[in-house]
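Q: What follows is the file structure-v9.pdb, containing PDB, C-alpha atoms:
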MODEL        1
ATOM      1  CA  ASN N   1     -32.877  -9.130 -52.455  1.00  0.00           C
ATOM      2  CA  THR N   2     -32.097  -7.680 -49.034  1.00  0.00           C
ATOM      3  CA  SER N   3     -30.517  -4.491 -50.411  1.00  0.00           C
ATOM      4  CA  VAL N   4     -33.612  -3.730 -52.491  1.00  0.00           C
ATOM      5  CA  SER N   5     -35.917  -4.418 -49.523  1.00  0.00           C
ATOM      6  CA  ASP N   6     -33.817  -2.211 -47.250  1.00  0.00           C
ATOM      7  CA  PHE N   7     -33.838   0.614 -49.804  1.00  0.00           C
ATOM      8  CA  GLU N   8     -37.613   0.344 -50.306  1.00  0.00           C
ATOM      9  CA  SER N   9     -38.279   0.395 -46.572  1.00  0.00           C
ATOM     10  CA  ALA N  10     -36.020   3.379 -45.930  1.00  0.00           C
ATOM     11  CA  PHE N  11     -37.476   5.251 -48.914  1.00  0.00           C
ATOM     12  CA  ARG N  12     -41.074   4.650 -47.784  1.00  0.00           C
ATOM     13  CA  LEU N  13     -40.266   5.761 -44.241  1.00  0.00           C
ATOM     14  CA  ARG N  14     -38.572   8.934 -45.429  1.00  0.00           C
ATOM     15  CA  PHE N  15     -40.878  10.009 -48.255  1.00  0.00           C
ATOM     16  CA  ASP N  16     -44.136   8.151 -47.454  1.00  0.00           C
ATOM     17  CA  VAL N  17     -44.339   6.717 -51.004  1.00  0.00           C
ATOM     18  CA  THR N  18     -43.040   3.619 -52.743  1.00  0.00           C
ATOM     19  CA  PRO N  19     -39.870   4.291 -54.747  1.00  0.00           C
ATOM     20  CA  ASN N  20     -40.265   4.412 -58.514  1.00  0.00           C
ATOM     21  CA  ARG N  21     -37.747   3.405 -61.178  1.00  0.00           C
ATOM     22  CA  PHE N  22     -36.094   6.849 -61.100  1.00  0.00           C
ATOM     23  CA  ALA N  23     -35.469   6.541 -57.348  1.00  0.00           C
ATOM     24  CA  TYR N  24     -33.578   3.278 -57.892  1.00  0.00           C
ATOM     25  CA  ILE N  25     -31.570   4.714 -60.795  1.00  0.00           C
ATOM     26  CA  GLY N  26     -30.745   7.821 -58.743  1.00  0.00           C
ATOM     27  CA  TYR N  27     -29.648   5.678 -55.808  1.00  0.00           C
ATOM     28  CA  ASP N  28     -27.368   3.576 -58.007  1.00  0.00           C
ATOM     29  CA  ALA N  29     -25.937   6.617 -59.828  1.00  0.00           C
ATOM     30  CA  ALA N  30     -25.234   8.426 -56.552  1.00  0.00           C
ATOM     31  CA  ASN N  31     -23.519   5.341 -55.148  1.00  0.00           C
ATOM     32  CA  VAL N  32     -21.313   5.060 -58.236  1.00  0.00           C
ATOM     33  CA  VAL N  33     -20.210   8.682 -57.804  1.00  0.00           C
ATOM     34  CA  LEU N  34     -19.730   8.457 -54.031  1.00  0.00           C
ATOM     35  CA  GLN N  35     -17.859   5.147 -54.108  1.00  0.00           C
ATOM     36  CA  THR N  36     -15.583   6.391 -56.890  1.00  0.00           C
ATOM     37  CA  LEU N  37     -14.945   9.665 -55.042  1.00  0.00           C
ATOM     38  CA  LYS N  38     -14.099   7.716 -51.888  1.00  0.00           C
ATOM     39  CA  LYS N  39     -11.611   5.678 -53.899  1.00  0.00           C
ATOM     40  CA  VAL N  40      -9.905   8.567 -55.740  1.00  0.00           C
ATOM     41  CA  GLN N  41     -10.081  11.029 -52.797  1.00  0.00           C
ATOM     42  CA  ASN N  42     -10.157  14.097 -55.053  1.00  0.00           C
ATOM     43  CA  PRO N  43     -12.993  15.277 -57.342  1.00  0.00           C
ATOM     44  CA  ALA N  44     -10.432  16.222 -59.989  1.00  0.00           C
ATOM     45  CA  TYR N  45      -9.720  12.501 -60.438  1.00  0.00           C
ATOM     46  CA  LEU N  46     -13.356  11.381 -60.778  1.00  0.00           C
ATOM     47  CA  LYS N  47     -13.190  11.062 -64.563  1.00  0.00           C
ATOM     48  CA  GLU N  48     -10.230   8.693 -64.389  1.00  0.00           C
ATOM     49  CA  GLY N  49     -11.816   6.896 -61.445  1.00  0.00           C
ATOM     50  CA  PHE N  50     -14.963   6.240 -63.496  1.00  0.00           C
ATOM     51  CA  LYS N  51     -12.906   4.831 -66.343  1.00  0.00           C
ATOM     52  CA  GLN N  52     -11.395   2.319 -63.934  1.00  0.00           C
ATOM     53  CA  LEU N  53     -14.765   1.304 -62.477  1.00  0.00           C
ATOM     54  CA  LYS N  54     -15.649  -2.315 -63.192  1.00  0.00           C
ATOM     55  CA  ASN N  55     -18.526  -4.521 -62.098  1.00  0.00           C
ATOM     56  CA  TYR N  56     -20.540  -2.199 -59.854  1.00  0.00           C
ATOM     57  CA  ARG N  57     -23.726  -4.108 -59.034  1.00  0.00           C
ATOM     58  CA  GLY N  58     -26.465  -1.706 -58.043  1.00  0.00           C
ATOM     59  CA  LEU N  59     -30.067  -2.194 -57.031  1.00  0.00           C
ATOM     60  CA  ILE N  60     -31.347  -2.193 -60.613  1.00  0.00           C
ATOM     61  CA  MET N  61     -28.368  -1.430 -62.819  1.00  0.00           C
ATOM     62  CA  ASN N  62     -24.810  -2.565 -63.259  1.00  0.00           C
ATOM     63  CA  VAL N  63     -22.002  -0.184 -64.138  1.00  0.00           C
ATOM     64  CA  ASN N  64     -18.774  -1.064 -65.891  1.00  0.00           C
ATOM     65  CA  PHE N  65     -16.874   1.681 -67.690  1.00  0.00           C
ATOM     66  CA  ASP N  66     -13.991  -0.670 -68.555  1.00  0.00           C
ATOM     67  CA  GLY N  67     -11.522   2.070 -69.462  1.00  0.00           C
ATOM     68  CA  THR N  68     -14.015   4.245 -71.356  1.00  0.00           C
ATOM     69  CA  HIS N  69     -16.372   7.088 -70.472  1.00  0.00           C
ATOM     70  CA  ILE N  70     -19.463   5.046 -71.452  1.00  0.00           C
ATOM     71  CA  ASN N  71     -21.120   2.452 -69.228  1.00  0.00           C
ATOM     72  CA  GLN N  72     -20.593  -0.904 -70.911  1.00  0.00           C
ATOM     73  CA  ASN N  73     -23.501  -2.450 -68.936  1.00  0.00           C
ATOM     74  CA  VAL N  74     -26.528  -0.380 -69.835  1.00  0.00           C
ATOM     75  CA  LYS N  75     -29.115  -3.019 -68.966  1.00  0.00           C
ATOM     76  CA  ILE N  76     -31.517  -1.959 -66.238  1.00  0.00           C
ATOM     77  CA  LYS N  77     -33.131  -4.795 -64.324  1.00  0.00           C
ATOM     78  CA  GLN N  78     -36.880  -5.100 -63.984  1.00  0.00           C
ATOM     79  CA  LEU N  79     -37.980  -5.344 -60.366  1.00  0.00           C
ATOM     80  CA  LYS N  80     -40.630  -7.935 -59.590  1.00  0.00           C
ATOM     81  CA  ARG N  81     -43.567  -6.500 -57.710  1.00  0.00           C
ATOM     82  CA  ASP N  82     -45.886  -8.452 -55.445  1.00  0.00           C
ATOM     83  CA  ASN N  83     -49.277  -6.874 -56.085  1.00  0.00           C
TER      84      ASN N  83
ENDMDL
END
Output the structure of this file as structure tokens.
A:
Amino acid sequence: NTSVSDFESAFRLRFDVTPNRFAYIGYDAANVVLQTLKKVQNPAYLKEGFKQLKNYRGLIMNVNFDGTHINQNVKIKQLKRDN
């Protein structure tokens, strides 16, 4: 996956270590917040914006609140490593 490769390269260049699972989760979570904020334009509307979020496909997790305050896609993908 090109997005995963790009993230790994940028992360290694910036921090001089390979990203761990928490780095991927943090990246996806931050993108969910930032993309939703961009859409709603006002932090006061974030909660409602999250409820409307459907089918976010992140690096290792998918997010779909589908009208609720709980992610309906809680599966986190396993990344394949070439070692």
Q: Quick one: of N:Ala30, N:Val40, N:Val17, N:Leu53, who's nearest to Asp66 of chain N, counting all atoms listed in the file?
A: N:Leu53
Q: What gap, in Å, lies between atom CA of Phe7 of chain N and atom CA of Lys54 of chain N?
A: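 One can read the atom CA of Phe7 of chain N to atom CA of Lys54 of chain N distance as 22.8 Å.
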Q: Report as number ranges by chain the full result of the PyMOL selection byres ((chain N and resi 71) around 12) when it is applied to this structure.
A: N: 29, 32, 50-56, 61-70, 72-76
Q: Interatomic distance between atom CA of Leu34 of chain N and atom CA of Leu59 of chain N?
A: 15.1 Å
Q: Can you pull out the residues contacting Gly49 of chain N? Cut-off 10 Å, using all atoms listed in the file, and skip same-chain residues under 3 positions away; I want them as an MDAnalysis selection string.
A: chainID N and resid 33 35:46 52:53 65 67
Q: Could you write those residues out with C-alpha atoms, as a short mmCIF file (atom, residue, chain, number, x, y, z; two decimals), keeping the file's coordinate frame?
A:
data_model
loop_
_atom_site.label_atom_id
_atom_site.label_comp_id
_atom_site.auth_asym_id
_atom_site.auth_seq_id
_atom_site.Cartn_x
_atom_site.Cartn_y
_atom_site.Cartn_z
CA VAL N 33 -20.21 8.68 -57.80
CA GLN N 35 -17.86 5.15 -54.11
CA THR N 36 -15.58 6.39 -56.89
CA LEU N 37 -14.94 9.66 -55.04
CA LYS N 38 -14.10 7.72 -51.89
CA LYS N 39 -11.61 5.68 -53.90
CA VAL N 40 -9.90 8.57 -55.74
CA GLN N 41 -10.08 11.03 -52.80
CA ASN N 42 -10.16 14.10 -55.05
CA PRO N 43 -12.99 15.28 -57.34
CA ALA N 44 -10.43 16.22 -59.99
CA TYR N 45 -9.72 12.50 -60.44
CA LEU N 46 -13.36 11.38 -60.78
CA GLN N 52 -11.40 2.32 -63.93
CA LEU N 53 -14.76 1.30 -62.48
CA PHE N 65 -16.87 1.68 -67.69
CA GLY N 67 -11.52 2.07 -69.46
#
Q: What gap, in Å, lies between atom CA of Gly58 of chain N and atom CA of Asp28 of chain N?
A: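 Value for the atom CA of Gly58 of chain N-atom CA of Asp28 of chain N distance: 5.4 Å.
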Q: Could you pull the residues within 12 Å of Glu8 of chain N, counting only C-alpha atoms, minus those fewer than 2 positions along the same chain, as a ChimeraX atom specification?
A: /N:1-6,10-21,23-24,27,59,79,81
Q: What are the centre and the three edge lengths of an axis-aligned box that wraps all atoms of segment 3-12 of chain N in the file, given that 6 Å is added to every side, written as lines of an AutoDock Vina configuration file and rounded to one decimal in Å?
A:
center_x = -35.8
center_y = 0.4
center_z = -49.2
size_x = 22.6
size_y = 21.7
size_z = 18.6
Q: Write segment 45-66 of chain N as a compact mmCIF listing (two decimals), in the frame of the given file, completed to N, CA, C and O atoms.
A:
# COMPACT_ATOMS: atom_id res chain seq x y z
N TYR N 45 -10.07 13.81 -59.89
CA TYR N 45 -9.72 12.50 -60.44
C TYR N 45 -10.94 11.62 -60.71
O TYR N 45 -10.80 10.44 -61.04
N LEU N 46 -12.13 12.18 -60.57
CA LEU N 46 -13.36 11.38 -60.78
C LEU N 46 -13.42 10.77 -62.17
O LEU N 46 -13.77 9.60 -62.33
N LYS N 47 -13.11 11.56 -63.19
CA LYS N 47 -13.19 11.06 -64.56
C LYS N 47 -12.33 9.81 -64.75
O LYS N 47 -12.79 8.80 -65.29
N GLU N 48 -11.11 9.86 -64.28
CA GLU N 48 -10.23 8.69 -64.39
C GLU N 48 -10.72 7.56 -63.49
O GLU N 48 -10.61 6.39 -63.85
N GLY N 49 -11.26 7.91 -62.34
CA GLY N 49 -11.82 6.90 -61.44
C GLY N 49 -12.98 6.16 -62.08
O GLY N 49 -13.10 4.94 -61.94
N PHE N 50 -13.84 6.88 -62.80
CA PHE N 50 -14.96 6.24 -63.50
C PHE N 50 -14.46 5.27 -64.56
O PHE N 50 -14.99 4.18 -64.72
N LYS N 51 -13.44 5.69 -65.28
CA LYS N 51 -12.91 4.83 -66.34
C LYS N 51 -12.39 3.50 -65.79
O LYS N 51 -12.44 2.49 -66.46
N GLN N 52 -11.93 3.53 -64.55
CA GLN N 52 -11.40 2.32 -63.93
C GLN N 52 -12.48 1.47 -63.27
O GLN N 52 -12.21 0.34 -62.85
N LEU N 53 -13.69 2.01 -63.16
CA LEU N 53 -14.76 1.30 -62.48
C LEU N 53 -15.19 0.07 -63.26
O LEU N 53 -15.47 0.14 -64.45
N LYS N 54 -15.23 -1.06 -62.57
CA LYS N 54 -15.65 -2.32 -63.19
C LYS N 54 -16.59 -3.05 -62.24
O LYS N 54 -16.36 -3.10 -61.04
N ASN N 55 -17.64 -3.59 -62.79
CA ASN N 55 -18.53 -4.52 -62.10
C ASN N 55 -19.22 -3.96 -60.86
O ASN N 55 -19.35 -4.64 -59.86
N TYR N 56 -19.67 -2.71 -60.92
CA TYR N 56 -20.54 -2.20 -59.85
C TYR N 56 -21.90 -2.84 -60.03
O TYR N 56 -22.49 -2.79 -61.11
N ARG N 57 -22.41 -3.47 -59.00
CA ARG N 57 -23.73 -4.11 -59.03
C ARG N 57 -24.66 -3.31 -58.15
O ARG N 57 -24.57 -3.36 -56.93
N GLY N 58 -25.53 -2.55 -58.78
CA GLY N 58 -26.46 -1.71 -58.04
C GLY N 58 -27.78 -2.41 -57.78
O GLY N 58 -27.93 -3.61 -58.01
N LEU N 59 -28.75 -1.63 -57.31
CA LEU N 59 -30.07 -2.19 -57.03
C LEU N 59 -30.75 -2.65 -58.31
O LEU N 59 -31.35 -3.72 -58.36
N ILE N 60 -30.70 -1.80 -59.35
CA ILE N 60 -31.35 -2.19 -60.61
C ILE N 60 -30.47 -2.02 -61.84
O ILE N 60 -30.90 -2.29 -62.95
N MET N 61 -29.25 -1.54 -61.66
CA MET N 61 -28.37 -1.43 -62.82
C MET N 61 -26.94 -1.78 -62.44
O MET N 61 -26.53 -1.63 -61.30
N ASN N 62 -26.22 -2.27 -63.42
CA ASN N 62 -24.81 -2.56 -63.26
C ASN N 62 -24.03 -1.52 -64.02
O ASN N 62 -24.47 -1.01 -65.04
N VAL N 63 -22.83 -1.19 -63.50
CA VAL N 63 -22.00 -0.18 -64.14
C VAL N 63 -20.61 -0.77 -64.33
O VAL N 63 -20.03 -1.37 -63.43
N ASN N 64 -20.10 -0.58 -65.55
CA ASN N 64 -18.77 -1.06 -65.89
C ASN N 64 -18.24 -0.18 -67.01
O ASN N 64 -18.64 -0.33 -68.15
N PHE N 65 -17.40 0.78 -66.68
CA PHE N 65 -16.87 1.68 -67.69
C PHE N 65 -15.73 1.05 -68.48
O PHE N 65 -15.49 1.41 -69.62
N ASP N 66 -15.02 0.12 -67.87
CA ASP N 66 -13.99 -0.67 -68.56
C ASP N 66 -13.05 0.18 -69.41
O ASP N 66 -12.84 -0.06 -70.59
